[in-house]
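Here is the file query-v5.txt (compact mmCIF, C-alpha atoms).
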```txt
# COMPACT_ATOMS: atom_id res chain seq x y z
CA MET A 1168 34.44 -12.35 -48.36
CA ASN A 1169 36.69 -12.56 -45.35
CA HIS A 1170 35.31 -13.34 -41.87
CA LEU A 1171 36.80 -12.55 -38.48
CA PRO A 1172 37.97 -15.45 -36.32
CA GLU A 1173 35.39 -16.75 -33.86
CA ASP A 1174 37.39 -15.65 -30.79
CA MET A 1175 37.72 -12.14 -32.18
CA GLN A 1176 33.96 -11.91 -32.82
CA ASN A 1177 33.14 -13.06 -29.26
CA ALA A 1178 35.51 -10.45 -27.85
CA LEU A 1179 33.94 -7.70 -29.90
CA THR A 1180 30.39 -8.76 -28.90
CA GLY A 1181 31.32 -8.90 -25.21
CA SER A 1182 32.90 -5.46 -25.25
CA GLN A 1183 29.88 -3.94 -26.98
CA SER A 1184 27.40 -5.52 -24.56
CA SER A 1185 29.40 -4.41 -21.52
CA HIS A 1186 29.59 -0.90 -22.91
CA THR A 1187 25.81 -0.82 -23.41
CA SER A 1188 25.00 -2.11 -19.92
CA VAL A 1189 27.27 0.39 -18.19
CA HIS A 1190 25.86 3.20 -20.27
CA ASP A 1191 22.29 2.20 -19.30
CA VAL A 1192 23.15 2.09 -15.60
CA HIS A 1193 24.81 5.50 -15.78
CA SER A 1194 21.65 6.90 -17.34
CA ILE A 1195 20.06 6.59 -13.84
CA ASN A 1196 20.25 9.86 -11.95
CA PRO A 1197 21.44 9.14 -8.37
CA THR A 1198 20.14 12.52 -7.19
CA GLN A 1199 16.60 11.65 -8.23
CA LEU A 1200 16.87 8.25 -6.56
CA MET A 1201 18.04 9.77 -3.28
CA ALA A 1202 15.23 12.32 -3.42
CA ARG A 1203 12.71 9.52 -3.78
CA VAL A 1204 14.26 7.55 -0.95
CA GLU A 1205 14.14 10.60 1.33
CA SER A 1206 10.49 11.25 0.42
CA TYR A 1207 9.50 7.67 1.25
CA GLU A 1208 11.52 7.70 4.46
CA GLY A 1209 9.85 10.98 5.39
CA ARG A 1210 6.48 9.30 5.06
CA GLU A 1211 7.66 6.47 7.27
CA LYS A 1212 8.85 8.93 9.92
CA LYS A 1213 5.38 10.41 10.08
CA GLY A 1214 4.34 7.21 11.84
CA ILE A 1215 1.03 6.92 10.02
CA SER A 1216 0.16 7.14 6.36
CA ASP A 1217 -2.39 9.54 4.90
CA VAL A 1218 -4.83 6.79 3.97
CA ARG A 1219 -4.61 5.27 7.46
CA ARG A 1220 -5.23 8.69 8.99
CA THR A 1221 -8.35 9.00 6.83
CA PHE A 1222 -9.51 5.61 8.09
CA CYS A 1223 -9.05 6.70 11.71
CA LEU A 1224 -11.01 9.87 11.02
CA PHE A 1225 -13.85 7.79 9.60
CA VAL A 1226 -13.83 5.57 12.71
CA THR A 1227 -14.11 8.72 14.83
CA PHE A 1228 -16.96 9.92 12.63
CA ASP A 1229 -18.71 6.59 13.22
CA LEU A 1230 -18.66 7.10 16.99
CA LEU A 1231 -19.71 10.75 16.83
CA PHE A 1232 -22.52 10.12 14.36
CA VAL A 1233 -24.04 7.26 16.37
CA THR A 1234 -23.69 9.33 19.56
CA LEU A 1235 -25.47 12.26 17.89
CA LEU A 1236 -28.33 10.05 16.74
CA TRP A 1237 -28.66 8.53 20.21
CA ILE A 1238 -28.75 11.97 21.88
CA ILE A 1239 -31.43 13.06 19.41
CA GLU A 1240 -33.43 9.93 20.26
CA LEU A 1241 -33.10 10.70 23.98
CA ASN A 1242 -34.35 14.24 23.46
CA VAL A 1243 -37.26 13.18 21.29
CA ASN A 1244 -38.63 10.56 23.69
CA GLY A 1245 -39.45 12.81 26.65
CA GLY A 1246 -36.25 14.69 27.50
CA ILE A 1247 -32.62 13.68 27.86
CA GLU A 1248 -32.55 13.20 31.65
CA ASN A 1249 -35.65 11.04 31.93
CA THR A 1250 -34.91 8.93 28.86
CA LEU A 1251 -31.24 8.56 29.83
CA GLU A 1252 -32.21 7.19 33.23
CA LYS A 1253 -34.70 4.84 31.61
CA GLU A 1254 -32.26 3.49 29.00
CA VAL A 1255 -29.06 3.39 31.08
CA VAL A 1256 -30.05 2.87 34.75
CA GLN A 1257 -33.09 0.78 33.93
CA TYR A 1258 -31.52 -0.88 30.91
CA ASP A 1259 -33.73 -3.20 28.90
CA TYR A 1260 -32.26 -5.14 25.99
CA TYR A 1261 -35.57 -5.19 24.13
CA SER A 1262 -36.25 -1.44 24.15
CA SER A 1263 -33.01 0.46 24.90
CA TYR A 1264 -30.66 2.09 22.39
CA PHE A 1265 -27.83 2.37 24.90
CA ASP A 1266 -26.23 -0.88 23.78
CA ILE A 1267 -26.00 0.39 20.19
CA PHE A 1268 -24.06 3.40 21.49
CA LEU A 1269 -21.77 1.06 23.48
CA LEU A 1270 -21.26 -0.96 20.31
CA ALA A 1271 -19.98 2.19 18.54
CA VAL A 1272 -17.64 2.86 21.49
CA PHE A 1273 -16.36 -0.72 21.23
CA ARG A 1274 -15.61 -0.32 17.51
CA PHE A 1275 -13.86 3.00 18.12
CA LYS A 1276 -11.59 1.72 20.91
CA VAL A 1277 -10.59 -1.50 19.17
CA LEU A 1278 -9.92 0.06 15.75
CA ILE A 1279 -8.04 3.11 17.05
CA LEU A 1280 -5.93 0.95 19.35
CA ALA A 1281 -5.17 -1.55 16.58
CA TYR A 1282 -4.63 0.72 13.56
CA ALA A 1283 -3.59 4.07 15.06
CA VAL A 1284 -1.67 3.13 18.20
CA CYS A 1285 -0.31 -0.33 17.32
CA ARG A 1286 -0.36 0.35 13.54
CA LEU A 1287 -1.35 -3.17 12.61
CA ARG A 1288 -1.18 -4.24 8.98
CA HIS A 1289 -3.67 -7.08 9.24
CA TRP A 1290 -7.43 -7.33 8.95
CA TRP A 1291 -8.16 -9.38 12.08
CA ALA A 1292 -9.16 -6.39 14.26
CA ILE A 1293 -11.65 -4.99 11.74
CA ALA A 1294 -12.98 -8.51 11.18
CA LEU A 1295 -13.61 -8.84 14.93
CA THR A 1296 -15.46 -5.53 15.27
CA THR A 1297 -17.56 -6.09 12.14
CA ALA A 1298 -18.49 -9.64 13.15
CA VAL A 1299 -19.51 -8.58 16.67
CA THR A 1300 -21.47 -5.58 15.35
CA SER A 1301 -23.31 -7.61 12.70
CA ALA A 1302 -24.20 -10.46 15.07
CA PHE A 1303 -25.38 -8.14 17.85
CA LEU A 1304 -27.49 -5.94 15.58
CA LEU A 1305 -29.11 -8.89 13.83
CA ALA A 1306 -30.00 -10.45 17.18
CA LYS A 1307 -31.33 -7.15 18.54
CA VAL A 1308 -33.46 -6.47 15.48
CA ILE A 1309 -34.96 -9.97 15.62
CA LEU A 1310 -35.56 -10.16 19.38
CA SER A 1311 -36.18 -6.54 20.47
CA LYS A 1312 -39.15 -4.22 20.11
CA LEU A 1313 -37.33 -1.31 18.51
CA PHE A 1314 -39.57 -1.12 15.45
CA SER A 1315 -42.50 -0.14 17.63
CA GLN A 1316 -40.66 2.93 18.97
CA GLY A 1317 -40.68 5.05 15.85
CA ALA A 1318 -38.13 5.93 13.20
CA PHE A 1319 -35.09 5.55 15.46
CA GLY A 1320 -35.89 1.86 15.80
CA TYR A 1321 -34.89 1.58 12.12
CA VAL A 1322 -32.27 4.32 11.82
CA LEU A 1323 -29.78 3.44 14.58
CA PRO A 1324 -29.37 -0.29 13.79
CA ILE A 1325 -29.15 0.31 10.03
CA ILE A 1326 -26.65 3.18 10.35
CA SER A 1327 -24.45 1.20 12.73
CA PHE A 1328 -24.50 -1.82 10.42
CA ILE A 1329 -23.63 0.23 7.32
CA LEU A 1330 -20.81 2.18 9.02
CA ALA A 1331 -19.19 -1.02 10.31
CA TRP A 1332 -19.10 -2.55 6.83
CA ILE A 1333 -17.84 0.66 5.22
CA GLU A 1334 -14.92 0.61 7.66
CA THR A 1335 -14.17 -2.98 6.69
CA TRP A 1336 -14.25 -2.19 2.98
CA PHE A 1337 -12.08 0.91 3.37
CA LEU A 1338 -9.38 -0.87 5.35
CA ASP A 1339 -9.29 -4.03 3.24
CA PHE A 1340 -9.44 -2.39 -0.20
CA LYS A 1341 -7.75 0.98 0.40
CA VAL A 1342 -5.54 1.18 3.48
CA LEU A 1343 -3.70 -2.15 3.47
CA PRO A 1344 -3.12 -2.45 -0.33
CA GLN A 1345 -1.93 1.15 -0.68
CA GLU A 1346 0.50 0.85 2.23
CA ALA A 1347 1.86 -2.43 0.84
CA GLU A 1348 2.37 -0.78 -2.55
CA GLU A 1349 4.23 2.16 -1.00
CA GLU A 1350 6.46 -0.22 0.94
CA ASN A 1351 7.32 -2.14 -2.25
CA ARG A 1352 8.16 1.12 -4.01
CA LEU A 1353 10.46 2.12 -1.16
CA LEU A 1354 12.32 -1.19 -1.36
CA ILE A 1355 12.71 -0.88 -5.15
CA VAL A 1356 14.01 2.68 -4.94
CA GLN A 1357 16.43 1.82 -2.12
CA ASP A 1358 17.76 -1.14 -4.09
CA ALA A 1359 18.25 1.00 -7.20
CA SER A 1360 20.01 3.73 -5.21
CA GLU A 1361 22.38 1.21 -3.63
CA ARG A 1362 23.26 -0.19 -7.05
CA ALA A 1363 23.83 3.28 -8.47
CA ALA A 1364 26.13 4.15 -5.56
CA LEU A 1365 28.35 1.14 -6.31
CA ILE A 1366 28.98 2.19 -9.93
CA PRO A 1367 32.08 4.43 -10.39
CA ARG A 1368 31.38 7.85 -11.81
CA GLY A 1369 33.19 9.77 -14.53
CA LEU A 1370 33.36 6.96 -17.09
CA SER A 1371 33.31 8.06 -20.70
CA ASP A 1372 32.92 6.28 -24.01
CA GLY A 1373 36.64 6.69 -24.76
CA GLN A 1374 37.59 4.48 -21.83
CA PHE A 1375 35.97 1.43 -23.42
CA TYR A 1376 38.28 0.20 -26.18
CA SER A 1377 37.48 -2.53 -28.68
CA PRO A 1378 39.90 -3.67 -31.40
CA PRO A 1379 38.95 -2.20 -34.77
CA GLU A 1380 37.76 -4.65 -37.36
CA SER A 1381 39.98 -3.18 -40.06
CA GLU A 1382 43.21 -4.34 -38.38
CA ALA A 1383 42.11 -7.95 -38.15
CA GLY A 1384 40.94 -7.86 -41.75
CA SER A 1385 44.19 -6.30 -43.01
CA GLU A 1386 46.29 -9.02 -41.34
CA GLU A 1387 44.30 -11.78 -43.06
CA GLU A 1388 44.56 -10.02 -46.45
CA ALA A 1389 48.33 -9.66 -46.04
CA GLU A 1390 48.70 -13.38 -45.28
CA GLU A 1391 46.62 -14.32 -48.35
CA LYS A 1392 48.72 -12.04 -50.59
CA GLN A 1393 51.93 -13.62 -49.35
CA ASP A 1394 50.55 -17.12 -50.02
CA GLY A 1395 49.57 -16.03 -53.52
CA GLU A 1396 52.97 -14.50 -54.30
CA LYS A 1397 54.95 -17.69 -53.48
CA PRO A 1398 53.68 -19.73 -56.50
CA LEU A 1399 54.44 -16.80 -58.80
CA LEU A 1400 58.02 -16.62 -57.55
CA GLU A 1401 58.49 -20.34 -58.10
CA LEU A 1402 57.38 -19.93 -61.71
```

What does the file become when written as structure tokens?
Amino acid sequence: MNHLPEDMQNALTGSQSSHTSVHDVHSINPTQLMARVESYEGREKKGISDVRRTFCLFVTFDLLFVTLLWIIELNVNGGIENTLEKEVVQYDYYSSYFDIFLLAVFRFKVLILAYAVCRLRHWWAIALTTAVTSAFLLAKVILSKLFSQGAFGYVLPIISFILAWIETWFLDFKVLPQEAEEENRLLIVQDASERAALIPRGLSDGQFYSPPESEAGSEEEAEEKQDGEKPLLEL
């Protein structure tokens, strides 16, 4: 059985592989790629992602919920005006709830400034607020006399502690990873769209020509027949 020369086989293999690669690249739809790029760029133009907006809403809820509980505590313990003067003007670390409210205000200002205004993509700000909140509440629970003042002596410190750690979990496991994933997707789509734009359009299968195998085989057969006919002529 006849075999093609090695150079001819390499040429045929190279032409087939190049034809396959170009065909695969042209299977990408540039319109779809541009639509994806525009969608991701539209999200970037918003200035803040949906998951980060949800985080900021939860931080606002933290402040409003602690404020509501503190106002209820003021109203329960003898009226808002009298209790407010006692806890704010005559502040006492061992019996006042005013510092827990200020702690919620501190968390709100730092987190909104860091993640809504400055749009940080790092965890240091939430780590600061959670560390300060945890240390202050633990010290207040150990040293103060809140437990002797009824249910609010338990509710306000526990709620503040839980909300601070929920904010930490939400930012570290939801906001930052999801935004990093969306950024990676944008880079991949942009890279693919740039590559698709560099490929010329309108190429068809007929433009890729490879020498047919039959011609090479027929030339070898003709040479063998001529070699075989020479001895017969000599005879």

Please determine, counting only C-alpha atoms, which residue among A:Gln1257, A:Ser1216, A:Thr1234, A:Asn1244 has the shortest atom-to-atom distance to Leu1269 in chain A.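 Among the listed residues, the smallest separation from Leu1269 in chain A belongs to A:Thr1234.
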
If I take CA of Trp1291 in chain A and CA of Ala1331 in chain A, how far is one from the other in Å, to one decimal?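 Answer for the CA of Trp1291 in chain A to CA of Ala1331 in chain A separation: 14.0 Å.
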
Can you work out which one of A:Glu1348, A:Thr1296, A:Leu1343, A:Ser1262 has the shortest atom-to-atom distance to Ser1315 in chain A, counting all atoms listed in the file?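 Among A:Glu1348, A:Thr1296, A:Leu1343, A:Ser1262, it is A:Ser1262 that comes nearest to Ser1315 in chain A.
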
Work out how far CA of Tyr1264 in chain A is from CA of Leu1230 in chain A, in Å to one decimal.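 We find that CA of Leu1230 in chain A and CA of Tyr1264 in chain A lie 14.1 Å from each other.
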
Polymer residues at most 8 Å from Ala1294 in chain A, all atoms listed in the file, same-chain spacing of 4 or more positions, as a list of chain:residue names: A:Trp1290, A:Ala1298, A:Thr1335

Take the residues from that selection and write them out as a PDB file, in the coordinates of the input, keeping C-alpha atoms.
```pdb
ATOM      1  CA  TRP A1290      -7.430  -7.330   8.950  1.00  0.00           C
ATOM      2  CA  ALA A1298     -18.490  -9.640  13.150  1.00  0.00           C
ATOM      3  CA  THR A1335     -14.170  -2.980   6.690  1.00  0.00           C
TER       4      THR A1335
END
```

Neighbourhood query: residues within 12 Å of (-10.6, -1.6, 1.4), file coordinates, counting only C-alpha atoms; return as a list in words.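 Within the cut-off we find Val1218, Arg1219, Phe1222, His1289, Trp1290, Ile1293, Trp1332, Ile1333, Glu1334, Thr1335, Trp1336, Phe1337, Leu1338, Asp1339, Phe1340, Lys1341, Val1342, Leu1343, Pro1344, Gln1345 and Glu1346 of chain A.
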
Find the smallest box with edges along x, y and z containing every listed atom of range 1287-1294 of chain A, then add 3 Å on each side and report centre and edge lengths in Å to one decimal, as AutoDock Vina command-line options.
```
--center_x -7.1 --center_y -6.3 --center_z 11.6 --size_x 17.8 --size_y 12.2 --size_z 11.3
```

When you look at Phe1265 in chain A with a cut-off of 8 Å (counting only C-alpha atoms), what residues show up, excluding the ones that are within fewer than 4 positions of it in the same chain? I need them as a list in words. Trp1237, Glu1254, Val1255, Tyr1258 and Leu1269 of chain A

Could you check which of A:Ile1279, A:Leu1313, A:Ile1247, A:Leu1241 is closest to Tyr1260 in chain A, using all atoms listed in the file?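 So, comparing all the options, the nearest one is A:Leu1313.
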
Can you tell me, as a short mmCIF file (atom, residue, chain, number, x, y, z; two decimals) with C-alpha atoms, in the coordinates of the input, what residues are no more than 8 Å from Phe1275 in chain A when counting all atoms listed in the file, ignoring any on the same chain fewer than 3 positions away?
```cif
data_model
loop_
_atom_site.label_atom_id
_atom_site.label_comp_id
_atom_site.auth_asym_id
_atom_site.auth_seq_id
_atom_site.Cartn_x
_atom_site.Cartn_y
_atom_site.Cartn_z
CA VAL A 1226 -13.83 5.57 12.71
CA THR A 1227 -14.11 8.72 14.83
CA ASP A 1229 -18.71 6.59 13.22
CA LEU A 1230 -18.66 7.10 16.99
CA ALA A 1271 -19.98 2.19 18.54
CA VAL A 1272 -17.64 2.86 21.49
CA LEU A 1278 -9.92 0.06 15.75
CA ILE A 1279 -8.04 3.11 17.05
#
```

Neighbour list for Lys1307 in chain A as a PyMOL selection string, cut-off 12 Å, all atoms listed in the file, skip fewer than 4 positions in-chain: chain A and resi 1259-1267+1270+1300-1303+1311-1314+1320-1321+1323-1325+1328
